[in-house]
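K.L.:
Here it is: the structure, laid out below.
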Amino acid sequence: MDRIRLAAIAAFAFAALAAQAQPFPQRAVTLVVPFAAGGPVDVVARILAEPMRKSLGQAVVVDNTTGAGGSLGVGRVARAAPDGYTVSIGHWSTHVVNGAVYPLGYDLLKDLEPVAMVGGNPMIVVSKPALPAANLRELVAWVKANQDKVNVGTAGAGSSTHIAGIYFQNEIGAKLAFIPYKGTGPAMQDLIGGQIDMMVDQLSNSLPQVRGGKIKGYAITAKERSPAAPEVPTVDEAGLPGLHIAIWYGLWVPRGTPADVIARLNAAVVSALADGPTRDKLAALGMEIVPRERQSPEALGAHQKAEIEKWWPIIKAAGIKVN
Ligand code: MLT
């Protein structure tokens with residue numbers, strides 16, 4: 001081998017080693033939101049992006065890759081390079097339910113690695129403002145009387161709003177029409193405008209509109225009232241006992257991402273969740289942040305696995321399929 005080739009190989013090896021030694025991140029990190037802008041996942045991602053940027057020293061860019069109940073956005077991350085620059089943010093339906101209702105081209109547990117658990121919120125039964133019901137019992141009576149023409153908004157087949165809507169219709173013994181959107185951001189616009197009748201929506205998406213008098217809120221899908229909305233009764237109090245659904249959020253990266261990169265991303269989420277203004281923004285939406293010890297990748301992995309074991313049999317037994 002001549003001297004020039006040897007020098008070129010040495011220079012290449014040096015550059016590769018130098019690149020490896022560069023601390024993560026060296027460029028912007030993309031946070032893939034699997035639903036439309038303006039909806040609950042998008043809002044949480046945008047709240048986290050700024051404090052994460054401060055901690056990482058690089059921009060955190062929110063990218064909305066929508067469709068198929070969030071499975072297109074999550075699939076994009078599952079197939080991305082395992083280098084920490086493409087991160088999935090999602091929740092109960094995208095990272096648990098979708099595995100039971102979609103023939104996914106990826107495995108939620110084997111193709112993704114957990115980064116951090118964020119927290120969660122219950123859902124709330126809401127309707128268009130003109131709907132003539134003053135409480136949940138009256139809403140149920142109106143829906144049953146008008147079931148051939150009631151339209152329920154969802155963020156697409158298999159999304160949390162779809163699953164919760166199906167549980168609602170099953171509980172009240174009705175058959176309703178579900179109208180899919182690319183997320184509950186756009187669905188909310190149509191609920192406010194009266195183009196759809198009702199939703200079982202995440203509290204964080206609906207609470208500002210209920211407070212602003214733009215839609216009606218009837219009951220939350222939890223055993224306890226939310227500290228952010230103590231005036232809203234629980235489903236147990238309001239007449240549909242047991243309709244409990246909690247939407248918890250997390251972040252994931254492709255399987256094979258180096259442990260130190262995951263630790264760096266986790267530290268950025270943990271520091272964002274410890275930041276006062278960030279906590280206040282999430283709390284105002286009814287999002288409860290998990291305690292520090294549950295923000296670890298291990299805690300998220302264990303919770304996701306337990307939720308899959310709990311919900312897949314329930315969803316499969318309910319016959320909920322999208323294809
Ligand atoms: C969204 O971001 O649009 C929602 O998370 C979808 C849903 O809750 O169904």
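Starting from 1 in every chain, residues are counted up; chains themselves are A, B, ... following the order of the structure tokens, and ligands are numbered from 1 as listed.
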For segment 167-176 of chain A, please output as a list in words all residues within 9 Å (counting only C-alpha atoms; exclusion window: fewer than 4 positions along the same chain).
P.N.:
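Near segment 167-176 of chain A, the qualifying residues are Val125, Val140, Val143, Lys144, Gln147, Asp148, Lys149, Val150, Asn151, Val152, His162, Ile163, Val200, Leu240 and Leu243 of chain A.
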K.L.:
Which residues are near ligand 1 in this structure, taking near to mean any atom at most 9 Å from a ligand atom and counting only C-alpha atoms and all ligand atoms? Format them as number ranges by chain.
P.N.:
A: 33-44, 69-70, 90-94, 123, 154-164, 181-187, 200-202, 205, 247
K.L.:
Using only C-alpha atoms, which protein or nucleic acid residues come within 7 Å of segment 108-113 of chain A? Drop anything in the same chain fewer than 3 positions from it, and give the result as a PyMOL selection string.
P.N.:
chain A and resi 78+95+99+252-255
K.L.:
Could you give me, as JSON lines, a per-residue list for segment 55-155 of chain A showing, wherever an atom lies at most 6 Å from an atom of segment 302-321 of chain A, the closest pair of atoms and their distance in Å to one decimal, using only C-alpha atoms and sorting by chain then residue number from low to high?
P.N.:
```
{"residue": "A:Val96", "atom": "CA", "partner": "A:Ile308", "partner_atom": "CA", "distance": 5.4}
{"residue": "A:Ala100", "atom": "CA", "partner": "A:Trp312", "partner_atom": "CA", "distance": 5.4}
{"residue": "A:Val101", "atom": "CA", "partner": "A:Lys321", "partner_atom": "CA", "distance": 4.7}
```
K.L.:
Quick one: residues within 8 Å of Gly242 of chain A, only C-alpha atoms, excluding same-chain residues fewer than 4 positions away - as a PyMOL selection string?
P.N.:
chain A and resi 223+235-236
K.L.:
What are the nearest atom pairs, with distances in Å to one decimal, for all residues of segment 142-222 of chain A that come at most 10 Å from segment 275-287 of chain A, using only C-alpha atoms, set out by chain and rising residue number as CSV?
P.N.:
```
residue,atom,partner,partner_atom,distance
A:Gln202,CA,A:Gly286,CA,9.2
A:Leu203,CA,A:Gly286,CA,6.3
A:Ser204,CA,A:Leu285,CA,4.4
A:Asn205,CA,A:Leu285,CA,7.5
A:Ser206,CA,A:Leu285,CA,8.6
A:Leu207,CA,A:Leu285,CA,6.6
A:Pro208,CA,A:Leu285,CA,7.3
```
K.L.:
Go ahead and write the selection's residues with C-alpha atoms as a short mmCIF file (atom, residue, chain, number, x, y, z; two decimals), in the first residue's frame.
P.N.:
```cif
data_model
loop_
_atom_site.label_atom_id
_atom_site.label_comp_id
_atom_site.auth_asym_id
_atom_site.auth_seq_id
_atom_site.Cartn_x
_atom_site.Cartn_y
_atom_site.Cartn_z
CA GLN A 202 -58.42 14.24 26.17
CA LEU A 203 -58.99 16.74 28.98
CA SER A 204 -55.97 18.79 27.85
CA ASN A 205 -57.53 19.40 24.43
CA SER A 206 -61.04 20.16 25.64
CA LEU A 207 -60.54 21.99 28.93
CA PRO A 208 -59.59 25.37 27.41
#
```
K.L.:
Run DSSP on the backbone of this structure and report the residues of segment 174-208 of chain A it assigns to strand (DSSP E or B), as a VMD selection string.
P.N.:
chain A and resid 177 to 180 198 to 202
